[in-house]
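Reproduced below: model.cif, with mmCIF, C-alpha atoms.
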```cif
data_my_file
#
loop_
_atom_site.label_atom_id
_atom_site.label_comp_id
_atom_site.auth_asym_id
_atom_site.auth_seq_id
_atom_site.Cartn_x
_atom_site.Cartn_y
_atom_site.Cartn_z
CA MET D 199 187.80 164.78 104.31
CA SER D 200 188.10 161.91 101.83
CA PRO D 201 185.77 163.56 99.23
CA ILE D 202 187.95 166.68 99.34
CA LEU D 203 191.14 164.66 98.95
CA GLY D 204 189.58 162.72 96.07
CA ALA D 205 188.53 165.91 94.29
CA LEU D 206 191.99 167.43 94.75
CA GLY D 207 193.56 164.23 93.43
CA GLY D 208 191.37 164.40 90.33
CA LEU D 209 192.20 168.07 89.80
CA ALA D 210 195.92 167.40 90.22
CA ALA D 211 195.69 164.52 87.72
CA TRP D 212 194.06 166.79 85.15
CA ALA D 213 196.69 169.51 85.73
CA ILE D 214 199.56 167.04 85.29
CA TYR D 215 197.90 165.66 82.16
CA ALA D 216 197.44 169.12 80.63
CA CYS D 217 200.96 170.24 81.49
CA GLY D 218 202.38 166.95 80.22
CA LEU D 219 200.69 167.36 76.85
CA THR D 220 202.03 170.90 76.52
CA LEU D 221 205.56 169.83 77.39
CA TYR D 222 205.38 166.89 74.98
CA ALA D 223 204.12 169.11 72.17
CA ASN D 224 206.85 171.68 72.78
CA ALA D 225 209.58 169.04 72.93
CA SER D 226 208.31 167.38 69.74
CA GLY D 227 207.79 170.65 67.86
CA ILE D 228 204.13 169.89 67.14
CA SER D 229 200.81 171.34 68.17
CA GLU D 230 198.82 169.72 70.96
CA THR D 231 196.12 168.69 68.50
CA ASP D 232 198.70 166.58 66.65
CA ILE D 233 199.68 164.54 69.71
CA PRO D 234 198.82 160.86 69.06
CA LEU D 235 195.35 160.06 70.35
CA ILE D 236 196.51 156.79 71.90
CA LEU D 237 198.91 158.76 74.09
CA GLN D 238 196.22 161.25 75.07
CA ARG D 239 193.63 158.64 76.02
CA THR D 240 195.89 156.27 77.92
CA SER D 241 197.65 159.08 79.81
CA TYR D 242 194.37 160.80 80.70
CA PHE D 243 192.74 157.74 82.27
CA GLY D 244 196.02 156.47 83.71
CA LEU D 245 196.81 159.76 85.46
CA THR D 246 193.20 160.07 86.63
CA GLY D 247 193.42 156.69 88.33
CA LEU D 248 196.85 157.46 89.76
CA GLY D 249 195.88 160.86 91.17
CA ILE D 250 192.59 159.77 92.71
CA GLY D 251 193.93 156.47 94.01
CA PHE D 252 196.94 158.17 95.59
CA SER D 253 194.96 160.94 97.28
CA CYS D 254 191.98 158.91 98.49
CA ASN D 255 193.91 156.05 100.02
CA MET D 256 196.32 158.10 102.11
CA LEU D 257 193.52 159.17 104.45
CA ARG D 258 193.15 155.95 106.43
CA VAL D 259 196.90 155.68 107.05
CA ILE D 260 197.07 159.31 108.14
CA GLN D 261 194.16 158.77 110.54
CA ASP D 262 195.84 155.66 111.91
CA GLY D 263 198.82 157.78 112.98
CA GLN D 264 201.29 155.95 110.75
CA GLY D 265 204.60 157.49 109.69
CA SER D 266 205.16 159.48 106.51
CA ILE D 267 206.83 156.58 104.68
CA ARG D 268 203.83 154.30 105.28
CA VAL D 269 201.43 157.09 104.22
CA LEU D 270 203.37 157.65 100.99
CA GLY D 271 203.65 153.93 100.35
CA ALA D 272 199.93 153.34 100.78
CA GLY D 273 199.12 156.15 98.36
CA LEU D 274 201.63 154.96 95.76
CA LEU D 275 200.44 151.35 95.92
CA SER D 276 196.78 152.14 95.42
CA GLY D 277 197.53 154.90 92.93
CA THR D 278 199.68 152.58 90.82
CA ILE D 279 196.99 149.88 90.74
CA ALA D 280 194.31 152.38 89.72
CA GLY D 281 196.66 154.14 87.28
CA VAL D 282 197.51 150.92 85.44
CA GLY D 283 193.83 150.06 85.24
CA GLY D 284 193.00 153.51 83.91
CA ALA D 285 195.71 153.31 81.25
CA VAL D 286 194.44 149.91 80.13
CA GLY D 287 190.90 151.30 79.98
CA GLY D 288 192.07 154.27 77.92
CA LEU D 289 193.96 151.97 75.57
CA ALA D 290 190.89 149.78 75.13
CA LEU D 291 188.78 152.85 74.34
CA HIS D 292 191.31 153.97 71.75
CA LEU D 293 191.37 150.58 70.06
CA LEU D 294 187.57 150.47 69.87
CA MET D 295 187.51 153.91 68.28
CA GLU D 296 190.25 153.03 65.80
CA LEU D 297 188.30 149.96 64.77
CA ASP D 298 185.17 152.11 64.35
CA LEU D 299 183.41 150.07 67.00
CA ALA D 300 182.81 153.12 69.19
CA ASN D 301 183.21 156.86 69.24
CA LEU D 302 183.89 159.33 72.03
CA GLU D 303 180.27 160.43 72.17
CA ASP D 304 178.99 156.92 72.90
CA LEU D 305 177.91 156.27 76.47
CA ALA D 306 179.18 152.71 76.79
CA PRO D 307 182.93 153.31 76.18
CA ARG D 308 183.07 156.32 78.50
CA LEU D 309 181.10 154.52 81.16
CA ALA D 310 183.34 151.45 80.95
CA CYS D 311 186.56 153.47 81.34
CA TYR D 312 185.35 155.43 84.34
CA LEU D 313 183.89 152.33 85.96
CA ILE D 314 187.23 150.55 85.59
CA VAL D 315 189.11 153.45 87.14
CA GLY D 316 186.57 153.82 89.94
CA MET D 317 186.43 150.12 90.75
CA LEU D 318 190.22 149.81 90.92
CA VAL D 319 190.54 152.86 93.17
CA GLY D 320 187.99 151.38 95.54
CA LEU D 321 189.49 147.91 95.30
CA SER D 322 193.03 149.15 95.88
CA SER D 323 192.02 150.81 99.14
CA ARG D 324 191.40 147.37 100.65
CA ILE D 325 193.35 145.09 98.35
CA THR D 326 195.24 143.49 101.25
CA MET D 327 192.07 142.61 103.23
CA LEU D 328 190.12 140.55 100.69
CA ASP D 329 186.94 140.55 102.76
CA ARG D 330 183.50 142.11 102.54
CA SER D 331 184.93 145.61 102.92
CA THR D 332 187.02 145.00 99.78
CA LEU D 333 183.86 144.37 97.76
CA LEU D 334 182.17 147.40 99.31
CA GLY D 335 185.15 149.57 98.45
CA ALA D 336 185.02 148.34 94.84
CA LEU D 337 181.26 149.01 94.76
CA GLY D 338 181.88 152.55 96.00
CA GLY D 339 184.37 153.05 93.20
CA LEU D 340 181.92 151.74 90.60
CA LEU D 341 179.25 154.14 91.81
CA GLY D 342 181.78 156.97 91.68
CA GLY D 343 182.53 156.15 88.04
CA GLY D 344 178.82 156.17 87.26
CA VAL D 345 178.39 159.61 88.85
CA ALA D 346 181.28 161.00 86.79
CA VAL D 347 179.72 159.77 83.54
CA GLY D 348 176.34 161.13 84.65
CA LEU D 349 177.91 164.57 85.09
CA TRP D 350 179.50 164.30 81.66
CA LEU D 351 176.13 163.49 80.08
CA ALA D 352 174.51 166.38 81.94
CA LEU D 353 177.15 168.79 80.64
CA ASP D 354 176.63 167.46 77.13
CA ARG D 355 172.91 168.05 77.34
CA TRP D 356 172.57 171.34 79.19
CA ALA D 357 175.91 173.07 78.63
CA GLY D 358 175.95 172.50 74.87
CA SER D 359 179.46 171.01 74.93
CA SER D 360 181.27 169.34 77.77
CA GLU D 361 184.75 169.96 76.44
CA ALA D 362 185.34 173.16 78.40
CA TYR D 363 184.20 171.60 81.64
CA ALA D 364 184.91 167.89 81.48
CA ALA D 365 188.67 168.36 81.47
CA PHE D 366 188.76 169.13 85.18
CA LEU D 367 185.20 168.73 86.47
CA ILE D 368 184.91 165.05 85.52
CA PRO D 369 188.09 163.92 87.34
CA MET D 370 187.14 166.06 90.34
CA SER D 371 183.63 164.62 90.55
CA LEU D 372 185.03 161.12 90.06
CA GLY D 373 187.56 161.58 92.86
CA SER D 374 185.11 163.24 95.23
CA THR D 375 182.45 160.56 94.80
CA ILE D 376 184.95 157.71 95.06
CA GLY D 377 186.45 159.29 98.18
CA LEU D 378 183.01 159.52 99.76
CA LEU D 379 181.60 156.12 98.80
CA THR D 380 184.76 154.01 99.07
CA TYR D 381 185.05 154.92 102.74
CA SER D 382 181.42 155.41 103.73
CA LEU D 383 180.05 152.07 102.51
CA PRO D 384 182.32 149.77 104.57
CA THR D 385 182.08 151.94 107.67
CA PHE D 386 178.31 152.26 107.36
CA VAL D 387 177.97 148.49 107.31
CA SER D 388 180.20 148.00 110.36
CA GLY D 389 178.65 151.04 112.03
CA GLY D 390 181.33 152.13 114.47
CA SER D 391 183.93 154.81 115.08
CA LEU D 392 186.39 156.04 117.69
CA LYS D 393 187.22 159.67 118.46
CA VAL D 394 190.09 160.94 120.60
CA LEU D 395 188.87 163.35 123.32
CA THR D 396 192.14 164.41 124.97
CA GLY D 397 195.76 165.30 124.30
CA GLN D 398 197.72 165.97 121.15
CA PHE D 399 195.50 163.83 118.91
CA LYS D 400 192.26 165.34 120.19
CA GLY D 401 189.58 165.22 117.47
CA GLN D 402 191.21 162.40 115.51
CA LYS D 403 188.68 159.82 114.28
CA LYS D 404 189.10 156.17 113.46
CA ALA D 405 186.49 154.20 111.51
CA ILE D 406 185.84 150.65 112.68
CA GLU D 407 185.38 148.33 109.73
CA ASN D 408 184.85 144.59 109.78
CA ARG D 409 188.26 143.72 111.21
CA ASP D 410 189.90 144.02 114.63
CA ILE D 411 191.92 147.13 115.50
CA VAL D 412 195.06 146.89 117.65
CA ILE D 413 195.76 150.12 119.54
CA GLY D 414 199.35 150.98 120.46
CA ASN D 415 202.16 153.47 120.01
CA ASN D 416 204.38 151.77 117.42
CA LYS D 417 204.22 153.27 113.92
CA ARG D 418 205.97 150.28 112.40
CA GLN D 419 203.02 148.01 113.07
CA LEU D 420 199.57 147.91 111.47
CA GLN D 421 197.50 149.40 114.29
CA TRP D 422 195.90 152.62 115.44
CA VAL D 423 198.77 154.70 116.77
CA LEU D 424 198.24 156.94 119.80
CA PRO D 425 200.91 158.90 121.75
CA LYS D 426 203.30 156.92 123.94
CA TRP D 427 203.97 159.98 126.12
CA GLU D 428 200.26 160.18 126.95
CA GLY D 429 200.14 156.69 128.42
CA VAL D 430 199.51 154.35 125.51
CA GLN D 431 201.53 151.12 125.60
CA ASP D 432 202.51 148.86 122.70
CA PRO D 433 200.21 147.10 122.27
CA HIS D 434 197.65 148.48 124.72
CA ALA D 435 194.26 147.13 123.65
CA ARG D 436 192.30 145.57 120.81
CA ILE D 437 188.88 146.50 119.48
CA GLU D 438 187.32 143.21 118.43
CA VAL D 439 184.70 143.06 115.69
CA LYS D 440 182.20 140.25 115.40
CA SER D 441 179.22 139.66 113.12
CA GLU D 442 175.84 140.14 114.76
CA GLY D 443 172.73 139.77 112.64
CA LEU D 444 173.15 141.91 109.54
CA GLY D 445 175.77 144.12 111.18
CA PHE D 446 178.63 144.01 113.66
CA ALA D 447 179.18 144.32 117.40
CA HIS D 448 182.34 145.72 118.98
CA SER D 449 184.18 144.86 122.18
CA ILE D 450 187.51 145.73 123.79
CA ARG D 451 190.28 143.58 125.24
CA ASN D 452 193.25 144.78 127.32
CA LEU D 453 196.58 143.64 125.82
CA SER D 454 198.88 145.38 128.32
CA SER D 455 199.64 145.38 132.03
CA LYS D 456 198.41 148.99 132.21
CA ALA D 457 194.91 150.29 132.66
CA VAL D 458 192.03 150.11 130.21
CA VAL D 459 188.91 151.65 131.74
CA VAL D 460 185.46 152.04 130.18
CA LEU D 461 183.28 154.92 131.45
CA ARG D 462 179.53 154.39 131.05
CA ASP D 463 176.76 156.37 132.76
CA GLY D 464 179.11 157.48 135.53
CA LYS D 465 180.35 153.94 136.18
CA ARG D 466 183.99 152.90 135.71
CA THR D 467 184.77 149.38 134.48
CA ARG D 468 188.40 148.26 134.50
CA ILE D 469 189.27 145.65 131.85
CA ARG D 470 191.84 143.10 133.03
CA GLY D 471 193.29 139.78 131.91
CA ASP D 472 191.39 137.87 129.26
CA ARG D 473 188.13 139.70 129.83
CA VAL D 474 186.36 141.02 126.74
CA PHE D 475 184.02 143.95 127.37
CA ASP D 476 181.15 144.70 124.96
CA LEU D 477 181.01 148.35 123.94
CA GLU D 478 177.87 150.46 123.76
CA ASP D 479 177.19 153.74 121.99
CA GLY D 480 178.69 156.66 123.92
CA ASP D 481 181.22 154.64 125.95
CA VAL D 482 184.45 156.47 126.79
CA VAL D 483 187.57 154.28 126.86
CA VAL D 484 190.59 155.41 128.88
CA PHE D 485 194.08 154.11 128.12
CA ALA D 486 196.21 155.00 131.15
CA THR D 487 199.73 154.64 132.56
CA GLY D 488 199.80 156.31 135.96
CA LYS D 489 198.91 159.99 135.55
CA ASN D 490 199.14 159.84 131.77
CA TYR D 491 196.05 158.85 129.78
CA VAL D 492 194.16 159.12 126.50
CA LYS D 493 190.36 159.18 126.36
CA VAL D 494 188.51 157.84 123.32
CA ARG D 495 184.76 157.95 122.66
CA TYR D 496 183.10 155.00 120.93
CA THR D 497 180.02 155.54 118.76
CA GLN D 498 177.98 152.91 116.95
CA ARG D 499 177.59 154.97 113.82
CA MET D 500 180.15 156.86 111.79
CA GLU D 501 180.24 160.57 112.54
CA ASP D 502 180.19 163.01 109.65
CA GLY D 503 183.58 164.13 108.48
#
```
Would you put the structure from the file into structure tokens?
Amino acid sequence: MSPILGALGGLAAWAIYACGLTLYANASGISETDIPLILQRTSYFGLTGLGIGFSCNMLRVIQDGQGSIRVLGAGLLSGTIAGVGGAVGGLALHLLMELDLANLEDLAPRLACYLIVGMLVGLSSRITMLDRSTLLGALGGLLGGGVAVGLWLALDRWAGSSEAYAAFLIPMSLGSTIGLLTYSLPTFVSGGSLKVLTGQFKGQKKAIENRDIVIGNNKRQLQWVLPKWEGVQDPHARIEVKSEGLGFAHSIRNLSSKAVVVLRDGKRTRIRGDRVFDLEDGDVVVFATGKNYVKVRYTQRMEDG
């Protein structure tokens, strides 16, 4: 899902950029070719960062079951950070070209701008964590920027001119690759996911990264939100993450007075008090209040999607 959102964000950024240039030209009574180059370059990279950052970084908050305000806020925060970085990169490129230190066909300036945008999109997705996943997110963004420039070079070489394609294909490839790598690298390292098996949220997935996850029903808190009317308390349980060798191990702790049951090979284990239960691949966790319950399957590797 995140690669699709990233690609759509890049496409939307290009569309806003193109429409903005047309509107500016019409309002100023000039042709689009006469629009100042500094405005074109800063707005292009700034809007690219904004669009991709906004679209990519809403996904985690949506998956967490947070409210619409928190979803919008997360997208705006990361999009603004990436957008400012993109605008600065575009301005730097313009200054280099004006000083005859670079031209648009050079690899280094293009690569630098896209790497800046990519890194800041990845970094902004985990800017509040400041842990290993933050660095992995930034690395995913850097790789995404490299892929975008690689596509640009390929179009230059085999399509004769990239101008007709780069306008929308480059931002789309940048967004798609960033969306894929920014989320897959941290979750691959931690190697865990949760998937809802019952009720209204059936099919919803939650990646486990290298930080604990509190499960409850309150959208105002930073936790994985599941339906209150299906038996989930606030808070109900915590998935604890601990380093183990080169990876991570996951366990569950009951935070409520209600039931937390782990189903494994036909055996039911009820988690009570301060007990911490180590999870294994394929475990099904049940959060229950009387006849109401939510079942969640734990896997040790991220599922595709």
>> Set the distance at 8 Å and use all atoms listed in the file: which residues neighbour Gly283 in chain D once local chain neighbours fewer than 5 positions away are removed? I'd like the list as a PyMOL selection string.
In response: chain D and resi 244+247+314-315+318
Can I get the selected residues back with C-alpha atoms, as a PDB file, in the frame of the given file?
```
ATOM      1  CA  GLY D 244     196.020 156.470  83.710  1.00  0.00           C
ATOM      2  CA  GLY D 247     193.420 156.690  88.330  1.00  0.00           C
ATOM      3  CA  ILE D 314     187.230 150.550  85.590  1.00  0.00           C
ATOM      4  CA  VAL D 315     189.110 153.450  87.140  1.00  0.00           C
ATOM      5  CA  LEU D 318     190.220 149.810  90.920  1.00  0.00           C
TER       6      LEU D 318
END
```
>> Applying 7 Å and only C-alpha atoms, which residues near range 454-471 of chain D remain after dropping the ones on its own chain fewer than 4 positions away? List them as a ChimeraX atom specification.
In response: /D:431,433-435,481-487
>> So the first atom is CA of Gln421 in chain D and the second is CA of Gly338 in chain D; what is the distance between them in Å, to one decimal place?
In response: 24.3 Å
> What is the CA of Gly287 in chain D-CA of Val347 in chain D distance in Å, reported with one decimal?
Replying inline: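 Distance reported for this atom pair: 14.5 Å.
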When the PyMOL selection byres ((chain D and resi 286) around 10) is applied to the file above, which residues end up in the set, as a CSV table (one decimal) with C-alpha atoms, keeping the file's coordinate frame?
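Listed below is the output, part20.csv:
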```csv
chain,number,residue,atom,x,y,z
D,239,ARG,CA,193.6,158.6,76.0
D,240,THR,CA,195.9,156.3,77.9
D,241,SER,CA,197.6,159.1,79.8
D,243,PHE,CA,192.7,157.7,82.3
D,244,GLY,CA,196.0,156.5,83.7
D,280,ALA,CA,194.3,152.4,89.7
D,281,GLY,CA,196.7,154.1,87.3
D,282,VAL,CA,197.5,150.9,85.4
D,283,GLY,CA,193.8,150.1,85.2
D,284,GLY,CA,193.0,153.5,83.9
D,285,ALA,CA,195.7,153.3,81.2
D,287,GLY,CA,190.9,151.3,80.0
D,288,GLY,CA,192.1,154.3,77.9
D,289,LEU,CA,194.0,152.0,75.6
D,290,ALA,CA,190.9,149.8,75.1
D,291,LEU,CA,188.8,152.8,74.3
D,292,HIS,CA,191.3,154.0,71.8
D,311,CYS,CA,186.6,153.5,81.3
D,314,ILE,CA,187.2,150.6,85.6
D,315,VAL,CA,189.1,153.4,87.1
```
>> So the first atom is CA of Ile376 in chain D and the second is CA of Arg409 in chain D; what is the distance between them in Å, to one decimal place?
In response: 21.6 Å
> Which of these residues is nearest to Leu367 in chain D, using all atoms listed in the file: D:Gly271, D:Pro201, D:Gly208, D:Pro307?
Replying inline: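 Result for the nearest residue to Leu367 in chain D: D:Gly208.
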Return as AutoDock Vina command-line options the box centre and box size in Å, one decimal, for an axis-aligned box around all listed atoms of range 226-245 of chain D padded by 3 Å per side.
```
--center_x 200.5 --center_y 163.8 --center_z 76.1 --size_x 21.6 --size_y 21.1 --size_z 24.8
```
